[in-house]
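Just below is one structure, and these are the notes that go with it.
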Amino acid sequence: MKAMQYSRYGGVEVLEWVETPRPEPKAGQLLVRVHTFSVNPIDWKMMSGKLRLVLRAPNPCTPCFDLCGVVEEVGPEVKGFAVGDRILTREPGLHGGAAAEFAVVRADAAALAPDGVSDVSCAAAPLVAQTALQGLRLCKALEVGKQVLVVGASGGVGHLAVQIAKLHGAQVTGVCSTRNVEFVRSLGADEVIDYSQTDDYGQGRFDAVLDCAGKAPWKILRRALKPGGVVGEVSPSVRHFWPMLTLPLYSRKRLKPVMLDANGEDMQTIASWMGEGKLTVEVEQVYEGLQELPKAFERNESGRTRGKLVIQVA
């Protein structure tokens with residue numbers, strides 16, 4: 001089968017279009033013919049080697065984790081899936097494998113793709129939608145009337161967080177750039193803050209803050225929280241570790257990292273919302289063919305993507 005792989009760390013120049021044996025499903029796994037897969041920052045960050053102390057890529061590595069495709073073979077001990085089922089998933093762990101014609105995935109992290117929803121949308125959803133749902137859950141934001149701030153509201157995680165919070169009856173304020181103000185408003189945000197115009201999100205306004213961009217200064221996020229409020233940090237960095245550790249010593253406010261738990265239950269919930277038309281995934285561009293992966297990585301690395309980037313395989 002054809003696949004995109006890299007065998008050393010670096011930029012897009014290390015990606016190679018290769019012929020490799022088709023994988024075989026083991027116990028608890030499905031063999032999937034990949035129709036579409038999507039790109040997330042973790043994919044090119046792992047390839048760069050900057051995260052190798054904590055996220056070491058296998059060698060060789062077939063990147064990307066989010067995919068939509070059709071089950072070709074069901075491994076031992078798998079229940080709930082059959083050959084011919086269309087599924088979507090974010091493969092747990094660090095082995096990826098989506099940037100190929102075939103991939104093996106864990107059945108317990110997959111869900112049946114909803115009828116009437118395209119392969120492109122299904123591939124775009126898994127990581128970002130689960131991160132948004134779990135991040136809002138961590139912040140205790142999924143309640144009617146909660147005042148919720150979503151920073152980076154036009155990005156992959158952020159635009160879904162706005163929709164999911166609104167589904168649960170929250171009052172949502174989104175933070176984004178000027179060009180995305182109307183887009184975020186169209187997602188249902190009650191208020192939109194243009195970060196190029198102000199960095200003041202208010203004082204003591206919000207029960208929960210989901211920071212999807214990781215660039216807002218902590219002092220601004222802390223000021224925006226009500227006592228007892230929680231900031232969920234989707235992209236935590238070293239500068240967040242100190243307030244995470246020390247806040248409980250002197251404040252009722254909290255800063256917590258959002259750690260993705262790819263699982264079939266949340267994936268099926270998201271698939272159901274998509275099938276019911278309650279949740280839509282913005283896709284900025286669809287690339288045709290595996291060999292277009294370097295272009296998608298470069299675009300995603302720019303940090304200016306609205307929604308997701310998807311690669312069409314079949």
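Lettering and numbering for the structure tokens are positional, with chains as A, B, ... in the shown order, residues counted from 1 in each chain, and ligands counted from 1 in the shown order.
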key: Secondary structure check, strand (DSSP E or B) residues of region 62-228 of chain A, as a VMD selection string   = chain A and resid 66 to 74 86 to 90 100 102 to 106 110 to 112 147 to 151 171 to 176 191 to 194 206 to 211 225 to 228
inquiry  = Could you list, as a VMD selection string, every residue within 6 Å of Gly307 (chain A), counting only C-alpha atoms and ignoring same-chain residues fewer than 2 positions away?
reply    = chain A and resid 155 to 156 282 to 284
request  = Might you pull out every residue within 10 Å of Val32 (chain A), with only C-alpha atoms counted and same-chain residues fewer than 2 positions away left off, and present them as number ranges by chain?
outcome  = A: 23, 25, 29-30, 34-35, 67-74, 83-88, 98, 101-105
Could the residues in this selection be written to a file with N, CA and C atoms, as a short mmCIF file (atom, residue, chain, number, x, y, z; two decimals), in the first residue's frame?
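The result, written out as again32.cif:
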data_model
loop_
_atom_site.label_atom_id
_atom_site.label_comp_id
_atom_site.auth_asym_id
_atom_site.auth_seq_id
_atom_site.Cartn_x
_atom_site.Cartn_y
_atom_site.Cartn_z
N PRO A 23 -1.01 -3.33 6.88
CA PRO A 23 -1.02 -3.85 8.26
C PRO A 23 -2.11 -4.89 8.48
N PRO A 25 -4.81 -6.49 11.37
CA PRO A 25 -5.42 -6.16 12.66
C PRO A 25 -5.15 -7.24 13.70
N GLN A 29 -8.67 -4.69 17.24
CA GLN A 29 -8.39 -3.72 16.18
C GLN A 29 -9.26 -3.94 14.94
N LEU A 30 -9.35 -2.88 14.15
CA LEU A 30 -10.02 -2.92 12.85
C LEU A 30 -9.02 -2.54 11.77
N VAL A 34 -8.64 3.72 4.30
CA VAL A 34 -8.75 5.14 4.63
C VAL A 34 -9.32 5.91 3.45
N HIS A 35 -10.41 6.62 3.68
CA HIS A 35 -10.97 7.51 2.67
C HIS A 35 -10.42 8.93 2.82
N LEU A 67 -9.12 9.86 11.19
CA LEU A 67 -9.46 9.33 9.87
C LEU A 67 -10.93 8.94 9.80
N CYS A 68 -11.38 8.81 8.55
CA CYS A 68 -12.68 8.22 8.24
C CYS A 68 -12.45 7.21 7.13
N GLY A 69 -13.04 6.04 7.26
CA GLY A 69 -12.87 5.02 6.24
C GLY A 69 -13.83 3.87 6.46
N VAL A 70 -13.62 2.80 5.68
CA VAL A 70 -14.50 1.64 5.69
C VAL A 70 -13.75 0.43 6.23
N VAL A 71 -14.40 -0.30 7.12
CA VAL A 71 -13.79 -1.49 7.72
C VAL A 71 -13.60 -2.57 6.67
N GLU A 72 -12.35 -3.02 6.53
CA GLU A 72 -12.00 -4.09 5.59
C GLU A 72 -11.87 -5.44 6.30
N GLU A 73 -11.47 -5.42 7.56
CA GLU A 73 -11.28 -6.66 8.31
C GLU A 73 -11.46 -6.36 9.79
N VAL A 74 -12.10 -7.28 10.49
CA VAL A 74 -12.36 -7.13 11.92
C VAL A 74 -11.44 -8.08 12.68
N VAL A 83 -17.44 -5.77 8.72
CA VAL A 83 -16.86 -5.39 7.43
C VAL A 83 -17.87 -4.56 6.65
N GLY A 84 -17.41 -3.46 6.09
CA GLY A 84 -18.28 -2.57 5.34
C GLY A 84 -18.77 -1.36 6.12
N ASP A 85 -18.60 -1.38 7.44
CA ASP A 85 -19.01 -0.23 8.25
C ASP A 85 -18.12 0.97 7.94
N ARG A 86 -18.73 2.15 7.86
CA ARG A 86 -17.95 3.39 7.74
C ARG A 86 -17.73 3.93 9.14
N ILE A 87 -16.49 4.21 9.48
CA ILE A 87 -16.18 4.62 10.85
C ILE A 87 -15.34 5.90 10.86
N LEU A 88 -15.32 6.56 12.01
CA LEU A 88 -14.41 7.67 12.25
C LEU A 88 -13.72 7.44 13.57
N ALA A 98 -2.65 7.20 9.99
CA ALA A 98 -3.76 7.58 9.12
C ALA A 98 -3.32 7.99 7.73
N GLU A 101 -3.07 4.29 2.72
CA GLU A 101 -4.27 3.74 2.08
C GLU A 101 -5.05 2.83 3.03
N PHE A 102 -4.34 2.18 3.96
CA PHE A 102 -4.97 1.33 4.97
C PHE A 102 -4.36 1.65 6.33
N ALA A 103 -5.17 1.48 7.38
CA ALA A 103 -4.67 1.70 8.74
C ALA A 103 -5.36 0.73 9.68
N VAL A 104 -4.65 0.31 10.73
CA VAL A 104 -5.29 -0.45 11.80
C VAL A 104 -5.60 0.53 12.93
N VAL A 105 -6.80 0.41 13.47
CA VAL A 105 -7.24 1.31 14.54
C VAL A 105 -7.86 0.51 15.66
#
Hey, which bits of region 27-101 of chain A sit within 8 Å of region 4-22 of chain A, and for each residue what's the closest pair of atoms and how far apart in Å (one decimal), counting only C-alpha atoms, rows by chain and increasing number, as JSON lines?
{"residue": "A:Trp44", "atom": "CA", "partner": "A:Gly11", "partner_atom": "CA", "distance": 7.8}
{"residue": "A:Met47", "atom": "CA", "partner": "A:Tyr9", "partner_atom": "CA", "distance": 5.4}
{"residue": "A:Ser48", "atom": "CA", "partner": "A:Gly10", "partner_atom": "CA", "distance": 4.5}
{"residue": "A:Gly49", "atom": "CA", "partner": "A:Tyr9", "partner_atom": "CA", "distance": 5.1}
{"residue": "A:Asn59", "atom": "CA", "partner": "A:Ser7", "partner_atom": "CA", "distance": 5.4}
{"residue": "A:Pro60", "atom": "CA", "partner": "A:Ser7", "partner_atom": "CA", "distance": 4.5}
{"residue": "A:Cys61", "atom": "CA", "partner": "A:Gln5", "partner_atom": "CA", "distance": 5.3}
{"residue": "A:Thr62", "atom": "CA", "partner": "A:Gln5", "partner_atom": "CA", "distance": 4.5}
{"residue": "A:Pro63", "atom": "CA", "partner": "A:Gln5", "partner_atom": "CA", "distance": 6.7}
{"residue": "A:Ala99", "atom": "CA", "partner": "A:Met4", "partner_atom": "CA", "distance": 5.7}
{"residue": "A:Ala100", "atom": "CA", "partner": "A:Met4", "partner_atom": "CA", "distance": 6.3}
task = For Val148 (chain A), list every protein, DNA or RNA residue within 12 Å, evaluated using only C-alpha atoms, and leave out those in the same chain fewer than 5 positions away; present the list as a VMD selection string.
result = chain A and resid 135 to 137 139 to 143 153 158 161 to 166 168 to 175 189 to 192 201 204 to 211 221 224 to 226 229 to 232
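Take the candidates A:Lys2, A:Ser272, A:Gly303, A:Pro227 and check each one against Ser251 (chain A) using only C-alpha atoms; the shortest distance goes to A:Pro227.
Atom pair CA of Glu301 (chain A) / CA of Tyr195 (chain A) has a distance of 20.2 Å (rounded to one decimal).
Minimum atom-to-atom distance to Met259 (chain A), evaluated using only C-alpha atoms, belongs to A:Pro236 out of A:Gly75, A:Gly145, A:Gly28, A:Pro236.
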request  = Just list the residues in region 42-291 of chain A DSSP gives helix (DSSP H, G or I) on the backbone, as number ranges by chain.
outcome  = A: 42-48, 107-109, 119-124, 126-138, 156-167, 178-186, 218-224, 238-250, 264-275, 290-291
key: 7 Å contact set for Gly264 (chain A), only C-alpha atoms, chain neighbours under 5 positions out, as an MDAnalysis selection string   = chainID A and resid 108:111
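Pairwise distance (CA of His159 (chain A), CA of Arg56 (chain A)) equals 29.2 Å.
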query = Trp273 (chain A): which residues within 12 Å, counting only C-alpha atoms, same-chain residues fewer than 5 positions away excluded, as number ranges by chain?
reply = A: 113-115, 117, 122, 125, 129, 133, 160, 163-164, 167, 266-268, 278-281
Take the residues just selected and output them with N, CA and C atoms as an mmCIF file, in the first residue's frame.
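Okay, this is what ended up in result-v6.cif:
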data_model
loop_
_atom_site.group_PDB
_atom_site.id
_atom_site.type_symbol
_atom_site.label_atom_id
_atom_site.label_comp_id
_atom_site.auth_asym_id
_atom_site.auth_seq_id
_atom_site.Cartn_x
_atom_site.Cartn_y
_atom_site.Cartn_z
ATOM 1 N N ALA A 113 -19.764 6.102 11.548
ATOM 2 C CA ALA A 113 -19.941 7.423 10.949
ATOM 3 C C ALA A 113 -21.425 7.680 10.709
ATOM 4 N N PRO A 114 -21.892 8.878 10.990
ATOM 5 C CA PRO A 114 -23.320 9.182 10.837
ATOM 6 C C PRO A 114 -23.733 9.276 9.378
ATOM 7 N N ASP A 115 -24.897 8.737 9.067
ATOM 8 C CA ASP A 115 -25.443 8.841 7.712
ATOM 9 C C ASP A 115 -25.640 10.309 7.345
ATOM 10 N N VAL A 117 -23.419 12.516 6.635
ATOM 11 C CA VAL A 117 -22.272 13.370 6.941
ATOM 12 C C VAL A 117 -21.091 12.882 6.110
ATOM 13 N N CYS A 122 -16.273 13.879 8.690
ATOM 14 C CA CYS A 122 -16.006 12.844 9.698
ATOM 15 C C CYS A 122 -14.524 12.768 10.045
ATOM 16 N N ALA A 125 -13.286 15.719 12.435
ATOM 17 C CA ALA A 125 -13.850 15.914 13.763
ATOM 18 C C ALA A 125 -13.116 15.290 14.941
ATOM 19 N N ALA A 129 -12.943 17.657 18.208
ATOM 20 C CA ALA A 129 -14.243 17.603 18.871
ATOM 21 C C ALA A 129 -14.133 16.957 20.243
ATOM 22 N N LEU A 133 -14.944 18.840 23.789
ATOM 23 C CA LEU A 133 -15.914 18.278 24.731
ATOM 24 C C LEU A 133 -15.266 18.006 26.086
ATOM 25 N N LEU A 160 -15.460 24.236 17.605
ATOM 26 C CA LEU A 160 -16.333 23.178 18.102
ATOM 27 C C LEU A 160 -16.697 23.407 19.567
ATOM 28 N N GLN A 163 -19.706 25.647 19.771
ATOM 29 C CA GLN A 163 -20.954 24.944 19.462
ATOM 30 C C GLN A 163 -21.375 23.996 20.584
ATOM 31 N N ILE A 164 -20.422 23.264 21.137
ATOM 32 C CA ILE A 164 -20.754 22.293 22.191
ATOM 33 C C ILE A 164 -21.224 23.003 23.458
ATOM 34 N N LEU A 167 -24.718 24.074 22.869
ATOM 35 C CA LEU A 167 -25.620 22.918 22.923
ATOM 36 C C LEU A 167 -26.078 22.642 24.347
ATOM 37 N N ASP A 266 -17.192 9.010 23.750
ATOM 38 C CA ASP A 266 -17.249 10.414 23.347
ATOM 39 C C ASP A 266 -17.315 10.538 21.823
ATOM 40 N N MET A 267 -16.596 9.641 21.121
ATOM 41 C CA MET A 267 -16.609 9.697 19.669
ATOM 42 C C MET A 267 -18.011 9.442 19.129
ATOM 43 N N GLN A 268 -18.740 8.492 19.729
ATOM 44 C CA GLN A 268 -20.095 8.200 19.279
ATOM 45 C C GLN A 268 -21.051 9.348 19.602
ATOM 46 N N LYS A 278 -26.483 19.069 14.796
ATOM 47 C CA LYS A 278 -26.241 19.954 15.931
ATOM 48 C C LYS A 278 -24.796 20.433 16.017
ATOM 49 N N LEU A 279 -23.907 19.760 15.287
ATOM 50 C CA LEU A 279 -22.483 20.067 15.341
ATOM 51 C C LEU A 279 -21.915 19.971 13.932
ATOM 52 N N THR A 280 -21.264 21.049 13.490
ATOM 53 C CA THR A 280 -20.655 21.052 12.164
ATOM 54 C C THR A 280 -19.173 21.395 12.292
ATOM 55 N N VAL A 281 -18.368 20.784 11.441
ATOM 56 C CA VAL A 281 -16.927 21.001 11.460
ATOM 57 C C VAL A 281 -16.544 21.859 10.261
#
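Nearest-residue note for Lys79 (chain A): choosing from A:Ala271, A:Ala107, A:Cys212, A:Leu55, the minimum distance belongs to A:Ala107, counting only C-alpha atoms.
As for CA of Asp66 (chain A) and CA of Leu187 (chain A), they are spaced 22.8 Å apart.
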